[in-house]
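Q: For reference, the structure I am asking about is given below.
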Amino acid sequence: MKKRFEIFRYNPETDKKPYFKSYEVEVYEGMTLLDALNYIRWEIDGTLTYRRSCRSAICGSCAMKINGRTYLACKTQVIKDIKSDHIKVEPLPGYEIIKDLVVDMDNFFDKLKRTKPYHITHKAPPEKERLQSPEDFKFINEAADCILCGACVSACPSSWAGKDYLGPAALLKAYKFCADTRDEGADERLAIVNDKNGVWRCHYTANCMDACPKDIKITDYIARLRNMLVQNKL
Amino acid sequence: MRYKDGYDFSYKLSVGQVAWILHRLSGLALMFYLGLHIWVISNLNGGPLAFNKVMELLNSPVFKILEIGLWGVILYHVLNGIRLLLIDFAGGAKYHKQLFWVVFLIVLILTVLGAIPFLHHLGGLK
């Protein structure tokens with residue numbers, strides 16, 4: 001069985017405008033989109049550029065726009081997940097394009113840093129490590145699954161409209177540390193997300209939840225952050 | 001394909017996006033209605049004759065049909081507002097798609113039910 005891959009190509013050094021190039025690839029049961037891209041790069045066209053690393057949905061490198069929605073290439077099976085014979089592959093929307101499917105993620109990580117994504121503690125450290133009970137871990141279990149692939153921010157209309165909006169990934173990270181029982185920096189972090197470019201810019205479009213390859217209910221965590229803010233004020 | 005300065009904004013429409021766009025549009029429509037409403041009531045200043053003249057216009061079939069639309073717009077804005085509150089305070093984000101279809105169904109049923117008296121009134125005018 002053959003499928004047609006229409007892939008976004010753009011080399012700013014030689015091309016004036018981006019264009020789409022088609023490749024026919026023999027697909028098989030269980031083949032992922034990343035396998036197909038690898039096949040194109042290794043067998044057909046060595047100039048195709050994309051990011052990839054672990055090919056098992058844990059490194060978060062290969063997020064791209066697949067038939068109009070953002071997802072991981074390595075977690076998309078070309079037969080099981082895509083019914084159509086025509087697969088359109090584009091770089092993540094909302095980021096500056098460096099080359100072909102590679103985008104500039106600096107903005108994404110800068111926003112992440114703004115939410116202070118590290119443990120803040122004021123008490124002296126205990127003799128061994130700071131312990132956490134399995135019950136307390138349940139609060140952050142899902143939020144800690146984030147692999148920083150950027151698919152959620154790229155799917156978010158609020159992020160396209162507001163360049164300074166923190167975006168779902170950074171807000172999820174803020175929740176993760178605020179909800180952590182070992183952390184004492186919740187007030188500092190809540191002050192940062194309590195801003196027109198913080199939690200209040202989310203309009204519950206919930207595209208981030210569909211885009212998340214780890215099935216994290218990001219929109220729900222943004223709502224929980226808002227609840228933390230409201231309860232703090234009361 | 002829309003690429004401007006290396007940015008691409010095209011994206012497949014999702015249920016959440018549609019709900020959000022409809023909420024914004026219904027909000028704008030309600031703002032427009034509010035202005036119209038204030039204008040109609042302000043005609044009372046001109047005395048009963050002037051007011052009756054405006055009311056005659058509002059009793060025309062076109063406005064009766066627009067009133068059915070207004071009823072639908074109000075219903076959607078209110079019920080989707082409740083859906084947003086459920087997402088805010090009751091963990092509704094996990095079920096936001098199902099909630100949208102519930103809102104959609106209620107709006108559809110109540111708009112049709114509410115249209116009956118309007119249409120009766122319209123029939124009575126003839």
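The way I read the labels, and the way they are meant: chains A, B, ... in the order of the structure tokens, residue 1 as the first residue of every chain, and ligand 1 as the first ligand shown, with later ones counted on from there.
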Run DSSP on the backbone and grab whatever in segment 21-121 of chain A lands in strand (DSSP E); send it over as a JSON list (two decimals) with N, CA, C and O atoms, in the first residue's frame.

A:
```json
[["chain", "number", "residue", "atom", "x", "y", "z"],
["A", 21, "LYS", "N", 6.38, 19.56, -1.15],
["A", 21, "LYS", "CA", 6.95, 18.56, -2.04],
["A", 21, "LYS", "C", 6.31, 17.21, -1.73],
["A", 21, "LYS", "O", 6.14, 16.86, -0.55],
["A", 22, "SER", "N", 5.93, 16.48, -2.76],
["A", 22, "SER", "CA", 5.24, 15.20, -2.56],
["A", 22, "SER", "C", 6.21, 14.02, -2.67],
["A", 22, "SER", "O", 7.11, 14.03, -3.51],
["A", 23, "TYR", "N", 6.00, 13.04, -1.81],
["A", 23, "TYR", "CA", 6.78, 11.80, -1.87],
["A", 23, "TYR", "C", 5.83, 10.62, -1.75],
["A", 23, "TYR", "O", 4.94, 10.63, -0.90],
["A", 24, "GLU", "N", 6.02, 9.61, -2.60],
["A", 24, "GLU", "CA", 5.23, 8.39, -2.49],
["A", 24, "GLU", "C", 6.04, 7.39, -1.66],
["A", 24, "GLU", "O", 7.22, 7.16, -1.91],
["A", 25, "VAL", "N", 5.41, 6.85, -0.61],
["A", 25, "VAL", "CA", 6.13, 5.90, 0.25],
["A", 25, "VAL", "C", 5.28, 4.65, 0.43],
["A", 25, "VAL", "O", 4.08, 4.72, 0.65],
["A", 26, "GLU", "N", 5.93, 3.50, 0.31],
["A", 26, "GLU", "CA", 5.27, 2.22, 0.56],
["A", 26, "GLU", "C", 5.11, 2.10, 2.08],
["A", 26, "GLU", "O", 6.09, 2.10, 2.81],
["A", 63, "ALA", "N", 7.58, 16.87, 17.32],
["A", 63, "ALA", "CA", 6.24, 17.44, 17.20],
["A", 63, "ALA", "C", 6.15, 18.21, 15.90],
["A", 63, "ALA", "O", 7.05, 18.98, 15.56],
["A", 64, "MET", "N", 5.06, 18.01, 15.14],
["A", 64, "MET", "CA", 4.84, 18.74, 13.90],
["A", 64, "MET", "C", 3.35, 18.76, 13.58],
["A", 64, "MET", "O", 2.56, 18.13, 14.28],
["A", 65, "LYS", "N", 3.00, 19.53, 12.55],
["A", 65, "LYS", "CA", 1.58, 19.60, 12.19],
["A", 65, "LYS", "C", 1.29, 18.53, 11.16],
["A", 65, "LYS", "O", 1.83, 18.54, 10.06],
["A", 66, "ILE", "N", 0.42, 17.58, 11.56],
["A", 66, "ILE", "CA", 0.11, 16.44, 10.71],
["A", 66, "ILE", "C", -1.36, 16.53, 10.30],
["A", 66, "ILE", "O", -2.24, 16.48, 11.17],
["A", 69, "ARG", "N", -3.30, 19.16, 12.40],
["A", 69, "ARG", "CA", -3.26, 19.17, 13.87],
["A", 69, "ARG", "C", -1.85, 18.84, 14.34],
["A", 69, "ARG", "O", -1.13, 18.10, 13.70],
["A", 70, "THR", "N", -1.49, 19.40, 15.51],
["A", 70, "THR", "CA", -0.13, 19.14, 15.99],
["A", 70, "THR", "C", -0.09, 17.86, 16.82],
["A", 70, "THR", "O", -0.98, 17.60, 17.64],
["A", 71, "TYR", "N", 0.94, 17.07, 16.60],
["A", 71, "TYR", "CA", 1.13, 15.82, 17.34],
["A", 71, "TYR", "C", 2.57, 15.36, 17.12],
["A", 71, "TYR", "O", 3.32, 15.97, 16.36],
["A", 72, "LEU", "N", 2.93, 14.26, 17.80],
["A", 72, "LEU", "CA", 4.27, 13.72, 17.60],
["A", 72, "LEU", "C", 4.28, 12.81, 16.38],
["A", 72, "LEU", "O", 3.39, 11.98, 16.20],
["A", 86, "HIS", "N", -3.48, 10.59, 1.83],
["A", 86, "HIS", "CA", -2.75, 11.81, 1.58],
["A", 86, "HIS", "C", -2.37, 12.41, 2.94],
["A", 86, "HIS", "O", -3.23, 12.74, 3.74],
["A", 87, "ILE", "N", -1.10, 12.50, 3.23],
["A", 87, "ILE", "CA", -0.67, 12.99, 4.54],
["A", 87, "ILE", "C", 0.13, 14.28, 4.36],
["A", 87, "ILE", "O", 1.16, 14.31, 3.70],
["A", 88, "LYS", "N", -0.41, 15.37, 4.97],
["A", 88, "LYS", "CA", 0.24, 16.67, 4.84],
["A", 88, "LYS", "C", 1.04, 16.93, 6.11],
["A", 88, "LYS", "O", 0.49, 16.88, 7.22],
["A", 89, "VAL", "N", 2.32, 17.18, 5.96],
["A", 89, "VAL", "CA", 3.19, 17.40, 7.12],
["A", 89, "VAL", "C", 3.77, 18.81, 7.06],
["A", 89, "VAL", "O", 4.37, 19.21, 6.07],
["A", 90, "GLU", "N", 3.54, 19.57, 8.15],
["A", 90, "GLU", "CA", 4.04, 20.94, 8.22],
["A", 90, "GLU", "C", 4.77, 21.17, 9.54],
["A", 90, "GLU", "O", 4.56, 20.41, 10.48],
["A", 97, "ILE", "N", 10.10, 29.53, 11.55],
["A", 97, "ILE", "CA", 10.63, 28.35, 10.86],
["A", 97, "ILE", "C", 12.11, 28.55, 10.58],
["A", 97, "ILE", "O", 12.52, 29.57, 10.03],
["A", 98, "ILE", "N", 12.93, 27.55, 10.96],
["A", 98, "ILE", "CA", 14.37, 27.62, 10.69],
["A", 98, "ILE", "C", 14.65, 26.98, 9.34],
["A", 98, "ILE", "O", 15.25, 27.57, 8.46],
["A", 99, "LYS", "N", 14.19, 25.75, 9.17],
["A", 99, "LYS", "CA", 14.34, 25.06, 7.89],
["A", 99, "LYS", "C", 13.38, 23.88, 7.86],
["A", 99, "LYS", "O", 13.28, 23.13, 8.85],
["A", 102, "VAL", "N", 11.85, 22.15, 10.94],
["A", 102, "VAL", "CA", 12.53, 22.57, 12.18],
["A", 102, "VAL", "C", 12.11, 24.00, 12.53],
["A", 102, "VAL", "O", 12.21, 24.90, 11.69],
["A", 103, "VAL", "N", 11.62, 24.20, 13.77],
["A", 103, "VAL", "CA", 11.22, 25.54, 14.19],
["A", 103, "VAL", "C", 12.08, 26.01, 15.35],
["A", 103, "VAL", "O", 12.72, 25.22, 16.05]]
```

Q: Quick one: residues within 9 Å of segment 90-94 of chain B, only C-alpha atoms, excluding same-chain residues fewer than 6 positions away - as a ChimeraX atom specification?

A: /A:204,206,209,217-221,223-224 /B:83-84

Q: Do you know which residues are at most 12 Å from Ser10 of chain B counting only C-alpha atoms, after dropping those on the same chain fewer than 6 positions away, and could you put them as a list in words?

A: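 Contacts, in chain order: Lys65, Ile66, Asn67, Gly68, Arg69, Thr70, Glu90, Pro91, Leu92, Pro93, Gly94, Ser154, Ala155, Cys156, Pro157 and Trp160 of chain A; Met1, Arg2, Tyr3 and Lys4 of chain B.
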
Q: How would the residues just picked look written out with N, CA, C and O atoms as a compact mmCIF listing (two decimals), in the first residue's frame?

A:
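Result went into result-v8.txt, see below:
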```
# COMPACT_ATOMS: atom_id res chain seq x y z
N LYS A 65 3.00 19.53 12.55
CA LYS A 65 1.58 19.60 12.19
C LYS A 65 1.29 18.53 11.16
O LYS A 65 1.83 18.54 10.06
N ILE A 66 0.42 17.58 11.56
CA ILE A 66 0.11 16.44 10.71
C ILE A 66 -1.36 16.53 10.30
O ILE A 66 -2.24 16.48 11.17
N ASN A 67 -1.62 16.69 9.02
CA ASN A 67 -2.99 16.87 8.51
C ASN A 67 -3.78 17.91 9.33
O ASN A 67 -4.91 17.67 9.74
N GLY A 68 -3.13 19.04 9.61
CA GLY A 68 -3.84 20.16 10.23
C GLY A 68 -3.85 20.19 11.75
O GLY A 68 -4.37 21.12 12.34
N ARG A 69 -3.30 19.16 12.40
CA ARG A 69 -3.26 19.17 13.87
C ARG A 69 -1.85 18.84 14.34
O ARG A 69 -1.13 18.10 13.70
N THR A 70 -1.49 19.40 15.51
CA THR A 70 -0.13 19.14 15.99
C THR A 70 -0.09 17.86 16.82
O THR A 70 -0.98 17.60 17.64
N GLU A 90 3.54 19.57 8.15
CA GLU A 90 4.04 20.94 8.22
C GLU A 90 4.77 21.17 9.54
O GLU A 90 4.56 20.41 10.48
N PRO A 91 5.57 22.22 9.64
CA PRO A 91 6.20 22.52 10.94
C PRO A 91 5.16 23.02 11.93
O PRO A 91 4.05 23.36 11.56
N LEU A 92 5.53 23.06 13.22
CA LEU A 92 4.61 23.54 14.26
C LEU A 92 4.19 24.98 13.96
O LEU A 92 5.05 25.83 13.74
N PRO A 93 2.88 25.27 13.94
CA PRO A 93 2.46 26.65 13.73
C PRO A 93 2.76 27.53 14.94
O PRO A 93 2.80 27.03 16.07
N GLY A 94 2.98 28.81 14.69
CA GLY A 94 3.19 29.74 15.80
C GLY A 94 4.65 29.94 16.15
O GLY A 94 4.97 30.80 16.96
N SER A 154 1.65 25.24 20.30
CA SER A 154 1.47 25.42 18.87
C SER A 154 0.01 25.27 18.44
O SER A 154 -0.39 25.80 17.41
N ALA A 155 -0.79 24.55 19.23
CA ALA A 155 -2.19 24.33 18.88
C ALA A 155 -3.11 25.40 19.47
O ALA A 155 -4.29 25.43 19.18
N CYS A 156 -2.54 26.29 20.32
CA CYS A 156 -3.36 27.20 21.13
C CYS A 156 -3.62 28.54 20.43
O CYS A 156 -2.68 29.29 20.18
N PRO A 157 -4.89 28.85 20.11
CA PRO A 157 -5.19 30.14 19.46
C PRO A 157 -4.75 31.35 20.29
O PRO A 157 -4.32 32.35 19.72
N TRP A 160 -1.17 31.98 19.54
CA TRP A 160 -0.90 32.60 18.23
C TRP A 160 -1.13 34.10 18.32
O TRP A 160 -0.40 34.89 17.73
N MET B 1 -3.07 28.29 2.48
CA MET B 1 -1.80 28.40 3.23
C MET B 1 -1.51 29.86 3.54
O MET B 1 -1.45 30.67 2.64
N ARG B 2 -1.37 30.17 4.78
CA ARG B 2 -1.07 31.55 5.14
C ARG B 2 0.23 31.59 5.94
O ARG B 2 0.28 31.20 7.09
N TYR B 3 1.27 32.06 5.31
CA TYR B 3 2.53 32.19 6.02
C TYR B 3 2.96 33.64 6.01
O TYR B 3 3.12 34.24 4.96
N LYS B 4 3.10 34.20 7.16
CA LYS B 4 3.49 35.60 7.23
C LYS B 4 4.63 35.70 8.25
O LYS B 4 4.48 35.28 9.39
```

Q: Can you list, as a ChimeraX atom specification, all residues belonging to chain B that DSSP tags as helix (DSSP H, G or I)?

A: /B:15-58,61-89,92-125

Q: Name the closest residue to chain A among the candidates B:Asn80, B:Asn52, B:Thr111, B:Ser60; distances are taken between atoms, counting only C-alpha atoms.

A: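 Among the listed residues, B:Asn80 lies closest to chain A.
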
Q: Nearest to chain A among B:Ile106, B:Leu85, B:Val73, B:Val40, with distances taken over only C-alpha atoms: which residue is it?

A: B:Leu85

Q: Which distance in Å separates atom CA of Asn59 of chain B and atom CA of Ile109 of chain B, to one decimal?

A: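 Separation of atom CA of Asn59 of chain B and atom CA of Ile109 of chain B: 24.7 Å.
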
Q: Identify which of the residues A:Cys208, A:Cys178, A:Val153, A:Met228 lies closest to Gln17 of chain B, counting only C-alpha atoms when measuring atom-to-atom distances.

A: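 Comparing A:Cys208, A:Cys178, A:Val153, A:Met228 against Gln17 of chain B, the winner is A:Cys208.
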
Q: Just the residues within 9 Å of His23 of chain B, please, counting only C-alpha atoms, with nothing from its chain fewer than 6 positions along; format it as a JSON list (two decimals) with N, CA, C and O atoms, in the first residue's frame.

A:
```json
[["chain", "number", "residue", "atom", "x", "y", "z"],
["B", 76, "TYR", "N", -27.61, 30.52, 23.74],
["B", 76, "TYR", "CA", -26.26, 29.99, 23.56],
["B", 76, "TYR", "C", -25.28, 30.67, 24.50],
["B", 76, "TYR", "O", -24.46, 30.02, 25.15],
["B", 77, "HIS", "N", -25.36, 32.01, 24.58],
["B", 77, "HIS", "CA", -24.39, 32.75, 25.38],
["B", 77, "HIS", "C", -24.51, 32.38, 26.86],
["B", 77, "HIS", "O", -23.51, 32.21, 27.56],
["B", 80, "ASN", "N", -23.48, 28.44, 27.27],
["B", 80, "ASN", "CA", -22.05, 28.24, 27.11],
["B", 80, "ASN", "C", -21.29, 28.93, 28.25],
["B", 80, "ASN", "O", -20.24, 28.45, 28.67],
["B", 81, "GLY", "N", -21.86, 30.01, 28.77],
["B", 81, "GLY", "CA", -21.27, 30.66, 29.95],
["B", 81, "GLY", "C", -21.26, 29.71, 31.13],
["B", 81, "GLY", "O", -20.28, 29.63, 31.88]]
```

Q: Find the residue from B:Leu105, B:Leu86, B:Leu110, B:Leu75 that sits nearest to chain A; use only C-alpha atoms when measuring.

A: B:Leu86

Q: With only C-alpha atoms as the basis for distance, which of B:Ile87, B:Val78, B:Ala115, B:Leu34 is at the shortest distance from chain A?

A: B:Ile87

Q: Might you pull out every residue within 12 Å of Asn38 of chain A, with only C-alpha atoms counted and same-chain residues fewer than 5 positions away left off, and present them as a list of chain:residue names?

A: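 Here the qualifying residues turn out to be A:Val25, A:Met31, A:Thr32, A:Leu33, A:Glu43, A:Ile44, A:Asp45, A:Gly46, A:Thr47, A:Leu48, A:Thr49, A:Tyr50, A:Arg51, A:Arg52, A:Ser53, A:Arg55, A:Cys62, A:Ala73, A:Cys74.
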
Q: Hey, can you spit out that residue selection with N, CA and C atoms as a PDB file, in the first residue's frame?

A:
```pdb
ATOM      1  N   VAL A  25       5.407   6.849  -0.608  1.00  0.00           N
ATOM      2  CA  VAL A  25       6.127   5.903   0.246  1.00  0.00           C
ATOM      3  C   VAL A  25       5.278   4.650   0.431  1.00  0.00           C
ATOM      4  N   MET A  31       3.893   1.195  10.815  1.00  0.00           N
ATOM      5  CA  MET A  31       4.861   2.235  10.429  1.00  0.00           C
ATOM      6  C   MET A  31       4.409   3.578  10.995  1.00  0.00           C
ATOM      7  N   THR A  32       5.329   4.298  11.636  1.00  0.00           N
ATOM      8  CA  THR A  32       4.982   5.618  12.156  1.00  0.00           C
ATOM      9  C   THR A  32       5.352   6.677  11.123  1.00  0.00           C
ATOM     10  N   LEU A  33       4.817   7.875  11.347  1.00  0.00           N
ATOM     11  CA  LEU A  33       5.143   8.969  10.429  1.00  0.00           C
ATOM     12  C   LEU A  33       6.644   9.251  10.467  1.00  0.00           C
ATOM     13  N   GLU A  43      16.312   7.356   1.805  1.00  0.00           N
ATOM     14  CA  GLU A  43      16.234   6.664   0.519  1.00  0.00           C
ATOM     15  C   GLU A  43      15.893   7.592  -0.653  1.00  0.00           C
ATOM     16  N   ILE A  44      15.126   8.669  -0.393  1.00  0.00           N
ATOM     17  CA  ILE A  44      14.643   9.470  -1.527  1.00  0.00           C
ATOM     18  C   ILE A  44      15.313  10.835  -1.607  1.00  0.00           C
ATOM     19  N   ASP A  45      15.229  11.605  -0.507  1.00  0.00           N
ATOM     20  CA  ASP A  45      15.679  12.987  -0.563  1.00  0.00           C
ATOM     21  C   ASP A  45      16.436  13.344   0.718  1.00  0.00           C
ATOM     22  N   GLY A  46      17.742  13.368   0.625  1.00  0.00           N
ATOM     23  CA  GLY A  46      18.590  13.581   1.802  1.00  0.00           C
ATOM     24  C   GLY A  46      18.565  14.997   2.333  1.00  0.00           C
ATOM     25  N   THR A  47      17.894  15.907   1.611  1.00  0.00           N
ATOM     26  CA  THR A  47      17.900  17.301   2.061  1.00  0.00           C
ATOM     27  C   THR A  47      16.767  17.606   3.035  1.00  0.00           C
ATOM     28  N   LEU A  48      15.827  16.674   3.228  1.00  0.00           N
ATOM     29  CA  LEU A  48      14.703  16.901   4.138  1.00  0.00           C
ATOM     30  C   LEU A  48      15.218  17.052   5.574  1.00  0.00           C
ATOM     31  N   THR A  49      14.796  18.134   6.231  1.00  0.00           N
ATOM     32  CA  THR A  49      15.294  18.424   7.579  1.00  0.00           C
ATOM     33  C   THR A  49      14.176  18.354   8.606  1.00  0.00           C
ATOM     34  N   TYR A  50      14.398  17.621   9.678  1.00  0.00           N
ATOM     35  CA  TYR A  50      13.431  17.545  10.783  1.00  0.00           C
ATOM     36  C   TYR A  50      14.165  17.122  12.039  1.00  0.00           C
ATOM     37  N   ARG A  51      13.529  17.369  13.209  1.00  0.00           N
ATOM     38  CA  ARG A  51      14.149  16.964  14.471  1.00  0.00           C
ATOM     39  C   ARG A  51      13.624  15.601  14.865  1.00  0.00           C
ATOM     40  N   ARG A  52      14.483  14.746  15.349  1.00  0.00           N
ATOM     41  CA  ARG A  52      14.028  13.477  15.904  1.00  0.00           C
ATOM     42  C   ARG A  52      15.104  12.963  16.830  1.00  0.00           C
ATOM     43  N   SER A  53      14.679  12.107  17.793  1.00  0.00           N
ATOM     44  CA  SER A  53      15.695  11.500  18.630  1.00  0.00           C
ATOM     45  C   SER A  53      15.278  10.112  19.088  1.00  0.00           C
ATOM     46  N   ARG A  55      12.384   8.267  19.063  1.00  0.00           N
ATOM     47  CA  ARG A  55      11.337   7.554  18.315  1.00  0.00           C
ATOM     48  C   ARG A  55      10.383   6.729  19.214  1.00  0.00           C
ATOM     49  N   CYS A  62       9.977  15.493  17.889  1.00  0.00           N
ATOM     50  CA  CYS A  62       9.400  15.391  16.541  1.00  0.00           C
ATOM     51  C   CYS A  62       7.965  15.905  16.457  1.00  0.00           C
ATOM     52  N   ALA A  73       5.317  12.956  15.543  1.00  0.00           N
ATOM     53  CA  ALA A  73       5.426  12.109  14.351  1.00  0.00           C
ATOM     54  C   ALA A  73       5.645  10.652  14.747  1.00  0.00           C
ATOM     55  N   CYS A  74       6.374  10.439  15.861  1.00  0.00           N
ATOM     56  CA  CYS A  74       6.703   9.059  16.248  1.00  0.00           C
ATOM     57  C   CYS A  74       5.543   8.362  16.933  1.00  0.00           C
TER      58      CYS A  74
END
```
